[in-house]
Amino acid sequence: MTVDAVRWIASLLSRLPGSPFAGRKPALVIGRWGGGLVLFLLAVTLPVPAQVSSAANAGRLHVTHYDIRADLYPETHMLAAKVRVDFTPAVDLTSASFNLDSALKVKKVTDASGRAVTAQQDGLLLNLSFPASLAVGRPASITVEYGGALASEQGSPVEGLKLAYIGPEGSYLLYPSDWFPVYGDGLERFSASVTVSVPSGETVIASGRASAPVHDGDRLVYAFQYNRNSFPGTVIAGRYEIQPAVAAGADITLYLKPGHAGLAGSYGETAGKIVAFFSDKFGPLPESHLALVEIDNGTVGGYSAPGVVALASRGFSNPVNYQLLAHEISHQWWRCLVSPATLDDAFLDEGLATYAAAMYVEEAAGEGAFEDTMHEVEVDALTHEDVAPIAQADRLHPFTPEYESIVYKKGAMVFHMLRWVIGDGAFTQTLRNLAQQYAWKSVSTRQFEELAEQAGKQDLRYFFAQWVDSTGVPQFKRTWAVYRTQTGYQVVGKITQDLDIFRMPVDVRVYTEGRRPVDERVDMVGTTADFTINTVTRPQRVVIDPGSQILKYDDQTKIAVEMARGDQLVQQQAYLQAIEQYRKVLELNKNSSLAHYRIGEQFFRLHNYNAAMEEFRAALAGDLQPKWVEVWGHLMLGEIFDATGQRDRALNEYQRALQTNDDTQGALELANKYIQKPYTAG
Ligand SMILES: [Zn+2]
């Protein structure tokens with residue numbers, strides 16, 4: 001994990017409500033980052049973690065079942081656990097390595113006959129040497145006794161990110177935290193029996209069939225049995241308001257923190273609608289019951305375990321953040337039911353979940369909202385598209401902007417393009433077949449490709465070679481001429497782009513005088529394609545890929561991508577690099593108010609008030625896109641004047657802010673506040 005990744009994570013967490021960074025200056029997060037980004041960050045959910053040991057020992061054994069017994073002591077953050085791992089050696093084994101959160105210390109490891117197994121912890125690795133060789137194919141087991149404090153992100157497999165926590169305000173032990181000895185993170189599917197004791201008054205949530213809790217002195221013991229092969233092993237505990245969802249046809253229970261009980265109705269109803277929509281598209285919900293659970297803000301935005309969807313408190317809002325909720329619920333199919341065969345296949349998990357959430361946006365908010373969502377996905381996909389092909393995701397670190405861009409966003413674009421190439425019906429059929437034929441199993445990209453070929457009744461090797469195995473996106477140019485014919489007009493033209501081995505169907509649209517536009521699909525192979533389109537009335541304009549079906553560069557997208565790269569650098573708190581990056585936007589559009597505004601923000605943050613002022617003035621003199629730049633430009637100028645002791649000039653700017661009557665992100669309220677009491681640099 002790189003330093004940048006850690007900064008990125010720090011920045012995700014810095015957006016939590018209550019953090020000094022998030023609340024201070026809404027201007028810092030508005031614009032593209034206002035609607036889109038907040039959703040995007042909240043949607044940053046757990047990918048399959050890339051682990052040290054998975055590469056080193058992959059495939060040496062297959063884990064089949066866990067028997068987990070855990071005692072949680074919230075007051076002291078302590079965990080005491082005894083875990084039996086059942087597995088089958090894939091080769092003759094004298095040793096094996098598991099992953100274990102390094103904050104947890106192993107006391108004792110024994111084999112099936114009770115003999116001591118030599119255990120040594122090396123960071124996240126738990127290295128075991130068996131007293132005798134374990135024969136290939138013969139079921140074996142080990143029992144590990146261990147414990148320790150889970151109070152912070154120390155020991156987490158994702159540096160700087162807390163994935164397991166035990167405390168009085170609520171505990172969460174997410175599977176990717178490696179809070180129990182894990183082999184082949186995110187890849188090896190298993191069943192589990194989980195028994196957890198907590199102080200009386202706490203509720204425990206985990207995957208599988210729950211027995212009635214049993215009292216043991218002042219403690220309560222919960223037991224869960226999960227019999228399918230998936231990724232159980234996530235445990236959540238705390239004091240909850242428990243409410244069934246009212247939605248018809250869905251068996252959903254909500255576990256909310258006391259302050260959020262009022263959101264049970266809207267979240268239950270929306271979760272019910274999402275389950276109904278996905279069930280219709282993908283096949284029935286894999287689990288008969290779904291628990292929707294609130295966890296603390298100190299971790300990822302969301303995580304999905306079989307039958308359990310956990311969202312951080314910041315994911316519970318009014319109105320409902322349905323894109324985030326849909327993303328997590330879709331993981332019930334795309335991870336819990338069917339999971340990637342290798343880390344290189346990770347887009348079948350996170351890319352498909354990202355696209356499934358967009359499909360729900362289309363269902364809930366219509367075509368326009370869907371197009372906006374996919375445009376944001378496209379821009380984010382292009383920010384790091386050239387770093388690695390989707391099929392080499394294992395090279396990337398989860399939780400980096402590169403991983404987000406390639407696995408989540410370009411991955412989602414692949415499903416979007418596939419749907420267009422093979423058609424809605426064949427696309428839905430592909431996903432249904434995926435859920436049915438690979439239920440409770442893993443799937444490789446090649447196997448998925450075969451399903452798409454069967455449903456689409458066509459060879460799709462070119463498609464997967466282009467978009468999954470390779471990097472590179474086209475930028476289309478076109479030339480055309482118009483000829484009169486006996487019945488009207490003929491448009492004869494040519495599309496060109498630079499990728500030599502490119503092949504895709506491409507839509508061409510001709511806008512004509514007084515009539516509906518005429519569309520034609522052209523099969524493009526290589527760098528050029530010719531088209532001839534007949535129209536009745538005079539042609540006015542020719543547009544390539546009018547529906548934005550293909551991941552591509554055009555002039556507008558280029559500017560948006562350069563902006564998004566700058567925004568990511570701000571997220572990583574690399575402010576000087578961000579300024580350089582935003583200047584690239586100005587090279588493409590020197591009147592970009594947004595780029596000037598963002599540069600001004602970074603200078604302001606660095607207390608370089610002269611430079612900041614120049615940029616905010618340039619923002620106000622630019623194209624004023626988006627509109628909020630005006631109100632916030634004046635506000636920022638006012639703050640600079642206040643910060644430099646020029647109260648009259650500050651008041652003048654606040655008045656001009658008020659005159660815009662634009663209350664984006666509470667701008668007017670802030671202007672009034674500073675008219676009462678000067679801004680002071682904090
Ligand atoms: Zn996800």
# chains A, B, ... in the order shown; residues from 1 in each chain; ligands from 1
$ closest_atom_pairs --of "chain A" --to "ligand 1" --cutoff "12 Å" --atoms "only C-alpha atoms and all ligand atoms" --output "Markdown table"
| residue | atom | partner | partner_atom_place_in_ligand_line | distance |
| --- | --- | --- | --- | --- |
| A:Phe40 | CA | ligand 1 | 1 (Zn) | 11.0 |
| A:Leu41 | CA | ligand 1 | 1 (Zn) | 11.3 |
| A:Leu42 | CA | ligand 1 | 1 (Zn) | 10.3 |
| A:Ala43 | CA | ligand 1 | 1 (Zn) | 7.0 |
| A:Val44 | CA | ligand 1 | 1 (Zn) | 6.7 |
| A:Thr45 | CA | ligand 1 | 1 (Zn) | 4.7 |
| A:Leu46 | CA | ligand 1 | 1 (Zn) | 5.6 |
| A:Pro47 | CA | ligand 1 | 1 (Zn) | 5.9 |
| A:Val48 | CA | ligand 1 | 1 (Zn) | 9.0 |
| A:Pro49 | CA | ligand 1 | 1 (Zn) | 11.7 |
| A:Val300 | CA | ligand 1 | 1 (Zn) | 10.2 |
| A:Gly301 | CA | ligand 1 | 1 (Zn) | 9.4 |
| A:Gly302 | CA | ligand 1 | 1 (Zn) | 7.6 |
| A:Tyr303 | CA | ligand 1 | 1 (Zn) | 7.1 |
| A:Ser304 | CA | ligand 1 | 1 (Zn) | 7.8 |
| A:Ala305 | CA | ligand 1 | 1 (Zn) | 11.0 |
| A:Val309 | CA | ligand 1 | 1 (Zn) | 11.0 |
| A:Ala310 | CA | ligand 1 | 1 (Zn) | 11.4 |
| A:Leu311 | CA | ligand 1 | 1 (Zn) | 11.4 |
| A:Gln323 | CA | ligand 1 | 1 (Zn) | 11.2 |
| A:Leu324 | CA | ligand 1 | 1 (Zn) | 8.9 |
| A:Leu325 | CA | ligand 1 | 1 (Zn) | 10.2 |
| A:Ala326 | CA | ligand 1 | 1 (Zn) | 9.8 |
| A:His327 | CA | ligand 1 | 1 (Zn) | 6.1 |
| A:Glu328 | CA | ligand 1 | 1 (Zn) | 6.0 |
| A:Ile329 | CA | ligand 1 | 1 (Zn) | 9.2 |
| A:Ser330 | CA | ligand 1 | 1 (Zn) | 8.4 |
| A:His331 | CA | ligand 1 | 1 (Zn) | 6.7 |
| A:Gln332 | CA | ligand 1 | 1 (Zn) | 10.3 |
| A:Trp333 | CA | ligand 1 | 1 (Zn) | 11.4 |
| A:Trp334 | CA | ligand 1 | 1 (Zn) | 9.0 |
| A:Arg335 | CA | ligand 1 | 1 (Zn) | 8.9 |
| A:Cys336 | CA | ligand 1 | 1 (Zn) | 11.4 |
| A:Ala346 | CA | ligand 1 | 1 (Zn) | 10.4 |
| A:Phe347 | CA | ligand 1 | 1 (Zn) | 10.0 |
| A:Leu348 | CA | ligand 1 | 1 (Zn) | 10.5 |
| A:Asp349 | CA | ligand 1 | 1 (Zn) | 7.1 |
| A:Glu350 | CA | ligand 1 | 1 (Zn) | 4.8 |
| A:Gly351 | CA | ligand 1 | 1 (Zn) | 7.9 |
| A:Leu352 | CA | ligand 1 | 1 (Zn) | 8.7 |
| A:Ala353 | CA | ligand 1 | 1 (Zn) | 5.8 |
| A:Thr354 | CA | ligand 1 | 1 (Zn) | 6.9 |
| A:Tyr355 | CA | ligand 1 | 1 (Zn) | 10.3 |
| A:Ala356 | CA | ligand 1 | 1 (Zn) | 10.3 |
| A:Ala357 | CA | ligand 1 | 1 (Zn) | 9.7 |
| A:Pro398 | CA | ligand 1 | 1 (Zn) | 11.3 |
| A:Phe399 | CA | ligand 1 | 1 (Zn) | 11.3 |
| A:Glu404 | CA | ligand 1 | 1 (Zn) | 10.2 |
| A:Val407 | CA | ligand 1 | 1 (Zn) | 10.3 |
| A:Tyr408 | CA | ligand 1 | 1 (Zn) | 8.0 |
| A:Lys409 | CA | ligand 1 | 1 (Zn) | 11.1 |
| A:Gly411 | CA | ligand 1 | 1 (Zn) | 11.8 |
| A:Ala412 | CA | ligand 1 | 1 (Zn) | 11.4 |
$ residues_around --residues "Ala364 in chain A" --least-positions-apart "2" --cutoff "10 Å" --atoms "only C-alpha atoms" --output "number ranges by chain"
A: 270, 273-274, 277, 322-323, 358-362, 366-367, 369-370
$ residues_around --residues "Ala465 in chain A" --least-positions-apart "2" --cutoff "12 Å" --atoms "only C-alpha atoms" --output "list of chain:residue names"
A:Pro389, A:Ile390, A:Ala391, A:Val414, A:Thr445, A:Arg446, A:Glu449, A:Asp459, A:Leu460, A:Arg461, A:Tyr462, A:Phe463, A:Trp467, A:Val468, A:Asp469, A:Ser470, A:Thr471, A:Gly472, A:Ile501, A:Phe502, A:Arg503, A:Met504
$ write_last_selection --atoms "N, CA and C atoms" --output "PDB file, in the first residue's frame"
ATOM      1  N   PRO A 389      -4.772  -2.406 -17.643  1.00  0.00           N
ATOM      2  CA  PRO A 389      -6.044  -2.961 -18.108  1.00  0.00           C
ATOM      3  C   PRO A 389      -6.850  -3.511 -16.922  1.00  0.00           C
ATOM      4  N   ILE A 390      -8.141  -3.585 -17.082  1.00  0.00           N
ATOM      5  CA  ILE A 390      -9.010  -4.176 -16.063  1.00  0.00           C
ATOM      6  C   ILE A 390      -8.522  -5.576 -15.697  1.00  0.00           C
ATOM      7  N   ALA A 391      -8.058  -6.317 -16.700  1.00  0.00           N
ATOM      8  CA  ALA A 391      -7.653  -7.710 -16.486  1.00  0.00           C
ATOM      9  C   ALA A 391      -6.340  -7.837 -15.720  1.00  0.00           C
ATOM     10  N   VAL A 414     -17.677  -1.076 -18.921  1.00  0.00           N
ATOM     11  CA  VAL A 414     -17.658  -2.301 -19.726  1.00  0.00           C
ATOM     12  C   VAL A 414     -19.059  -2.926 -19.764  1.00  0.00           C
ATOM     13  N   THR A 445     -13.336 -14.125 -15.878  1.00  0.00           N
ATOM     14  CA  THR A 445     -13.762 -13.209 -16.938  1.00  0.00           C
ATOM     15  C   THR A 445     -14.081 -13.984 -18.216  1.00  0.00           C
ATOM     16  N   ARG A 446     -13.267 -15.004 -18.531  1.00  0.00           N
ATOM     17  CA  ARG A 446     -13.520 -15.799 -19.740  1.00  0.00           C
ATOM     18  C   ARG A 446     -14.869 -16.504 -19.670  1.00  0.00           C
ATOM     19  N   GLU A 449     -17.475 -14.002 -20.289  1.00  0.00           N
ATOM     20  CA  GLU A 449     -17.474 -13.691 -21.726  1.00  0.00           C
ATOM     21  C   GLU A 449     -18.302 -14.725 -22.500  1.00  0.00           C
ATOM     22  N   ASP A 459     -19.893 -13.508 -31.402  1.00  0.00           N
ATOM     23  CA  ASP A 459     -18.526 -13.588 -30.907  1.00  0.00           C
ATOM     24  C   ASP A 459     -18.164 -12.245 -30.270  1.00  0.00           C
ATOM     25  N   LEU A 460     -17.701 -12.278 -29.025  1.00  0.00           N
ATOM     26  CA  LEU A 460     -17.391 -11.023 -28.333  1.00  0.00           C
ATOM     27  C   LEU A 460     -15.919 -10.921 -27.944  1.00  0.00           C
ATOM     28  N   ARG A 461     -15.091 -11.806 -28.522  1.00  0.00           N
ATOM     29  CA  ARG A 461     -13.664 -11.773 -28.168  1.00  0.00           C
ATOM     30  C   ARG A 461     -13.095 -10.365 -28.379  1.00  0.00           C
ATOM     31  N   TYR A 462     -13.467  -9.745 -29.528  1.00  0.00           N
ATOM     32  CA  TYR A 462     -12.934  -8.408 -29.831  1.00  0.00           C
ATOM     33  C   TYR A 462     -13.289  -7.437 -28.716  1.00  0.00           C
ATOM     34  N   PHE A 463     -14.524  -7.572 -28.183  1.00  0.00           N
ATOM     35  CA  PHE A 463     -15.006  -6.640 -27.164  1.00  0.00           C
ATOM     36  C   PHE A 463     -14.189  -6.753 -25.876  1.00  0.00           C
ATOM     37  N   TRP A 467     -11.635  -3.938 -24.293  1.00  0.00           N
ATOM     38  CA  TRP A 467     -12.024  -3.162 -23.109  1.00  0.00           C
ATOM     39  C   TRP A 467     -11.539  -3.757 -21.805  1.00  0.00           C
ATOM     40  N   VAL A 468     -11.292  -5.063 -21.751  1.00  0.00           N
ATOM     41  CA  VAL A 468     -10.894  -5.703 -20.488  1.00  0.00           C
ATOM     42  C   VAL A 468      -9.405  -6.043 -20.489  1.00  0.00           C
ATOM     43  N   ASP A 469      -8.930  -6.628 -21.601  1.00  0.00           N
ATOM     44  CA  ASP A 469      -7.530  -7.061 -21.638  1.00  0.00           C
ATOM     45  C   ASP A 469      -6.569  -5.910 -21.936  1.00  0.00           C
ATOM     46  N   SER A 470      -7.071  -4.849 -22.574  1.00  0.00           N
ATOM     47  CA  SER A 470      -6.186  -3.767 -23.030  1.00  0.00           C
ATOM     48  C   SER A 470      -6.532  -2.435 -22.377  1.00  0.00           C
ATOM     49  N   THR A 471      -5.580  -1.514 -22.465  1.00  0.00           N
ATOM     50  CA  THR A 471      -5.874  -0.112 -22.174  1.00  0.00           C
ATOM     51  C   THR A 471      -6.125   0.595 -23.503  1.00  0.00           C
ATOM     52  N   GLY A 472      -6.583   1.832 -23.425  1.00  0.00           N
ATOM     53  CA  GLY A 472      -6.774   2.627 -24.636  1.00  0.00           C
ATOM     54  C   GLY A 472      -8.233   2.913 -24.905  1.00  0.00           C
ATOM     55  N   ILE A 501      -6.186  -1.526 -33.464  1.00  0.00           N
ATOM     56  CA  ILE A 501      -6.967  -2.767 -33.463  1.00  0.00           C
ATOM     57  C   ILE A 501      -8.385  -2.562 -32.954  1.00  0.00           C
ATOM     58  N   PHE A 502      -8.856  -1.325 -32.975  1.00  0.00           N
ATOM     59  CA  PHE A 502     -10.186  -1.021 -32.462  1.00  0.00           C
ATOM     60  C   PHE A 502     -11.273  -1.682 -33.302  1.00  0.00           C
ATOM     61  N   ARG A 503     -12.266  -2.209 -32.612  1.00  0.00           N
ATOM     62  CA  ARG A 503     -13.450  -2.717 -33.307  1.00  0.00           C
ATOM     63  C   ARG A 503     -14.656  -2.507 -32.415  1.00  0.00           C
ATOM     64  N   MET A 504     -15.657  -1.816 -32.901  1.00  0.00           N
ATOM     65  CA  MET A 504     -16.891  -1.606 -32.150  1.00  0.00           C
ATOM     66  C   MET A 504     -17.972  -1.158 -33.115  1.00  0.00           C
TER      67      MET A 504
END
$ select_by_dssp --residues "range 209-361 of chain A" --states "alpha helix (DSSP H)" --output "PyMOL selection string"
chain A and resi 264-282+322-330+350-361
$ write_last_selection --atoms "N, CA and C atoms" --output "CSV table (one decimal), in the first residue's frame"
chain,number,residue,atom,x,y,z
A,264,ALA,N,-35.9,4.6,9.5
A,264,ALA,CA,-36.2,3.2,9.2
A,264,ALA,C,-37.2,3.0,8.1
A,265,GLY,N,-38.3,3.9,8.1
A,265,GLY,CA,-39.3,3.8,7.1
A,265,GLY,C,-38.8,4.0,5.7
A,266,SER,N,-38.1,5.1,5.5
A,266,SER,CA,-37.6,5.4,4.1
A,266,SER,C,-36.6,4.4,3.7
A,267,TYR,N,-35.7,4.0,4.6
A,267,TYR,CA,-34.6,3.0,4.2
A,267,TYR,C,-35.2,1.6,3.9
A,268,GLY,N,-36.2,1.3,4.8
A,268,GLY,CA,-36.8,0.0,4.6
A,268,GLY,C,-37.5,-0.1,3.3
A,269,GLU,N,-38.3,1.0,3.0
A,269,GLU,CA,-39.1,1.0,1.7
A,269,GLU,C,-38.1,1.0,0.5
A,270,THR,N,-37.1,1.8,0.6
A,270,THR,CA,-36.2,1.9,-0.6
A,270,THR,C,-35.4,0.5,-0.8
A,271,ALA,N,-35.0,-0.1,0.3
A,271,ALA,CA,-34.3,-1.3,0.2
A,271,ALA,C,-35.2,-2.4,-0.4
A,272,GLY,N,-36.5,-2.3,0.0
A,272,GLY,CA,-37.5,-3.3,-0.6
A,272,GLY,C,-37.6,-3.1,-2.1
A,273,LYS,N,-37.7,-1.8,-2.5
A,273,LYS,CA,-37.8,-1.5,-4.0
A,273,LYS,C,-36.5,-2.0,-4.7
A,274,ILE,N,-35.4,-1.8,-4.1
A,274,ILE,CA,-34.1,-2.2,-4.7
A,274,ILE,C,-34.1,-3.7,-4.9
A,275,VAL,N,-34.4,-4.4,-3.8
A,275,VAL,CA,-34.4,-5.9,-3.8
A,275,VAL,C,-35.4,-6.4,-4.9
A,276,ALA,N,-36.6,-5.7,-5.0
A,276,ALA,CA,-37.5,-6.2,-6.0
A,276,ALA,C,-37.0,-5.9,-7.4
A,277,PHE,N,-36.3,-4.8,-7.6
A,277,PHE,CA,-35.8,-4.5,-9.0
A,277,PHE,C,-34.7,-5.5,-9.4
A,278,PHE,N,-33.7,-5.7,-8.4
A,278,PHE,CA,-32.6,-6.6,-8.8
A,278,PHE,C,-33.1,-8.0,-8.9
A,279,SER,N,-34.1,-8.4,-8.1
A,279,SER,CA,-34.7,-9.8,-8.2
A,279,SER,C,-35.2,-10.0,-9.6
A,280,ASP,N,-35.9,-8.9,-10.1
A,280,ASP,CA,-36.5,-9.0,-11.4
A,280,ASP,C,-35.4,-9.1,-12.5
A,281,LYS,N,-34.3,-8.4,-12.3
A,281,LYS,CA,-33.2,-8.4,-13.3
A,281,LYS,C,-32.3,-9.6,-13.2
A,282,PHE,N,-31.9,-10.0,-12.0
A,282,PHE,CA,-30.8,-10.9,-11.8
A,282,PHE,C,-31.3,-12.3,-11.4
A,322,TYR,N,-29.9,6.4,-2.3
A,322,TYR,CA,-30.3,5.1,-2.9
A,322,TYR,C,-29.2,4.5,-3.8
A,323,GLN,N,-28.3,5.3,-4.3
A,323,GLN,CA,-27.2,4.8,-5.1
A,323,GLN,C,-26.3,3.9,-4.3
A,324,LEU,N,-25.9,4.4,-3.1
A,324,LEU,CA,-25.1,3.7,-2.2
A,324,LEU,C,-25.8,2.4,-1.8
A,325,LEU,N,-27.0,2.5,-1.4
A,325,LEU,CA,-27.8,1.4,-0.9
A,325,LEU,C,-27.9,0.3,-2.0
A,326,ALA,N,-28.2,0.8,-3.2
A,326,ALA,CA,-28.3,-0.2,-4.3
A,326,ALA,C,-26.9,-0.9,-4.6
A,327,HIS,N,-25.9,-0.1,-4.5
A,327,HIS,CA,-24.5,-0.7,-4.8
A,327,HIS,C,-24.3,-1.9,-3.8
A,328,GLU,N,-24.6,-1.6,-2.5
A,328,GLU,CA,-24.3,-2.6,-1.5
A,328,GLU,C,-25.2,-3.8,-1.6
A,329,ILE,N,-26.5,-3.5,-1.9
A,329,ILE,CA,-27.5,-4.6,-2.0
A,329,ILE,C,-27.1,-5.5,-3.2
A,330,SER,N,-26.6,-4.9,-4.3
A,330,SER,CA,-26.3,-5.7,-5.4
A,330,SER,C,-25.2,-6.7,-5.2
A,350,GLU,N,-16.8,-5.4,-8.1
A,350,GLU,CA,-17.1,-4.0,-7.9
A,350,GLU,C,-17.6,-3.2,-9.1
A,351,GLY,N,-17.1,-3.6,-10.3
A,351,GLY,CA,-17.6,-3.0,-11.5
A,351,GLY,C,-19.0,-3.3,-11.8
A,352,LEU,N,-19.4,-4.5,-11.5
A,352,LEU,CA,-20.8,-4.9,-11.7
A,352,LEU,C,-21.7,-4.2,-10.7
A,353,ALA,N,-21.2,-4.2,-9.4
A,353,ALA,CA,-22.0,-3.5,-8.4
A,353,ALA,C,-22.2,-2.0,-8.7
A,354,THR,N,-21.1,-1.4,-9.2
A,354,THR,CA,-21.2,0.0,-9.6
A,354,THR,C,-22.3,0.2,-10.7
A,355,TYR,N,-22.3,-0.7,-11.7
A,355,TYR,CA,-23.2,-0.6,-12.8
A,355,TYR,C,-24.6,-1.0,-12.3
A,356,ALA,N,-24.8,-1.9,-11.5
A,356,ALA,CA,-26.1,-2.3,-10.9
A,356,ALA,C,-26.7,-1.1,-10.2
A,357,ALA,N,-25.9,-0.4,-9.5
A,357,ALA,CA,-26.4,0.8,-8.8
A,357,ALA,C,-26.9,1.9,-9.8
A,358,ALA,N,-26.1,2.0,-10.9
A,358,ALA,CA,-26.5,3.0,-12.0
A,358,ALA,C,-27.9,2.5,-12.6
A,359,MET,N,-28.0,1.2,-12.8
A,359,MET,CA,-29.3,0.6,-13.3
A,359,MET,C,-30.4,1.0,-12.4
A,360,TYR,N,-30.2,1.0,-11.1
A,360,TYR,CA,-31.3,1.3,-10.2
A,360,TYR,C,-31.6,2.8,-10.3
A,361,VAL,N,-30.5,3.6,-10.5
A,361,VAL,CA,-30.7,5.1,-10.7
A,361,VAL,C,-31.7,5.3,-11.9
$ closest_atom_pairs --of "range 278-300 of chain A" --to "range 232-254 of chain A" --cutoff "9 Å" --atoms "only C-alpha atoms" --output "Markdown table"
| residue | atom | partner | partner_atom | distance |
| --- | --- | --- | --- | --- |
| A:Ser288 | CA | A:Asp251 | CA | 7.0 |
| A:His289 | CA | A:Asp251 | CA | 5.1 |
| A:Leu290 | CA | A:Ile252 | CA | 4.8 |
| A:Ala291 | CA | A:Thr253 | CA | 4.9 |
| A:Leu292 | CA | A:Leu254 | CA | 4.9 |
| A:Val293 | CA | A:Leu254 | CA | 6.0 |
| A:Glu294 | CA | A:Leu254 | CA | 8.3 |
| A:Ile295 | CA | A:Ile236 | CA | 7.9 |
$ atom_distance --atom1 "CA of Asp296 in chain A" --atom2 "CA of Ala206 in chain A"
16.4 Å
$ closest_atom_pairs --of "range 162-213 of chain A" --to "range 79-86 of chain A" --cutoff "12 Å" --atoms "only C-alpha atoms" --output "tab-separated table"
residue	atom	partner	partner_atom	distance
A:Ala164	CA	A:Leu79	CA	10.5
A:Tyr165	CA	A:Leu79	CA	9.5
A:Ile166	CA	A:Leu79	CA	7.6
A:Gly167	CA	A:Leu79	CA	10.3
A:Ser171	CA	A:Leu79	CA	10.6
A:Tyr172	CA	A:Leu79	CA	11.5
A:Leu173	CA	A:Leu79	CA	10.2
A:Trp179	CA	A:Leu79	CA	9.4
A:Phe180	CA	A:Val83	CA	7.3
A:Pro181	CA	A:Val83	CA	8.0
A:Val182	CA	A:Val85	CA	9.0
A:Tyr183	CA	A:Val85	CA	9.8
A:Phe190	CA	A:Asp86	CA	9.4
A:Ser191	CA	A:Asp86	CA	9.8
A:Ala192	CA	A:Val85	CA	9.4
A:Ser193	CA	A:Arg84	CA	9.8
A:Val194	CA	A:Val83	CA	9.3
A:Thr195	CA	A:Ala81	CA	9.9
A:Val196	CA	A:Ala81	CA	9.1
A:Ser197	CA	A:Ala80	CA	9.9
A:Val198	CA	A:Leu79	CA	10.3
$ select_by_dssp --residues "range 496-586 of chain A" --states "strand (DSSP E or B)" --output "MDAnalysis selection string"
chainID A and resid 496 503:512 515:525 528:535 539:544
$ atom_distance --atom1 "CA of Arg314 in chain A" --atom2 "CA of Leu285 in chain A"
25.6 Å
$ atom_distance --atom1 "CA of Glu371 in chain A" --atom2 "CA of Gln572 in chain A"
27.9 Å
$ residues_around --residues "Val387 in chain A" --least-positions-apart "3" --cutoff "10 Å" --atoms "only C-alpha atoms" --output "list in words"
Thr383, His384, Ile390, Gln392, Arg395, Leu396, Glu402, Tyr403, Ser405, Ile406, Thr471 and Gly472 of chain A
$ write_last_selection --atoms "C-alpha atoms" --output "compact mmCIF listing (two decimals), in the first residue's frame"
# COMPACT_ATOMS: atom_id res chain seq x y z
CA THR A 383 -8.77 9.58 -14.94
CA HIS A 384 -6.48 6.53 -14.70
CA ILE A 390 -9.01 -4.18 -16.06
CA GLN A 392 -4.53 -6.78 -14.52
CA ARG A 395 -1.31 -5.04 -9.96
CA LEU A 396 -3.34 -2.25 -8.34
CA GLU A 402 -6.30 4.02 -9.80
CA TYR A 403 -8.22 1.02 -8.45
CA SER A 405 -10.98 4.37 -11.73
CA ILE A 406 -10.16 1.06 -13.39
CA THR A 471 -5.87 -0.11 -22.17
CA GLY A 472 -6.77 2.63 -24.64
$ residues_around --residues "Leu606 in chain A" --least-positions-apart "2" --cutoff "12 Å" --atoms "only C-alpha atoms" --output "list in words"
Gln573, Ala574, Tyr575, Leu576, Ile579, Ile599, Gly600, Glu601, Gln602, Phe603, Phe604, Asn608, Tyr609, Asn610, Ala611, Ala612, Ala681 and Gly682 of chain A
$ residues_around --residues "range 676-678 of chain A" --least-positions-apart "2" --cutoff "9 Å" --atoms "only C-alpha atoms" --output "MDAnalysis selection string"
chainID A and resid 639 642:643 647 650:651 671:674 680
$ closest_residue --among "A:Leu187, A:Leu163, A:Pro505, A:Arg538" --to "Thr487 in chain A" --atoms "only C-alpha atoms"
A:Arg538
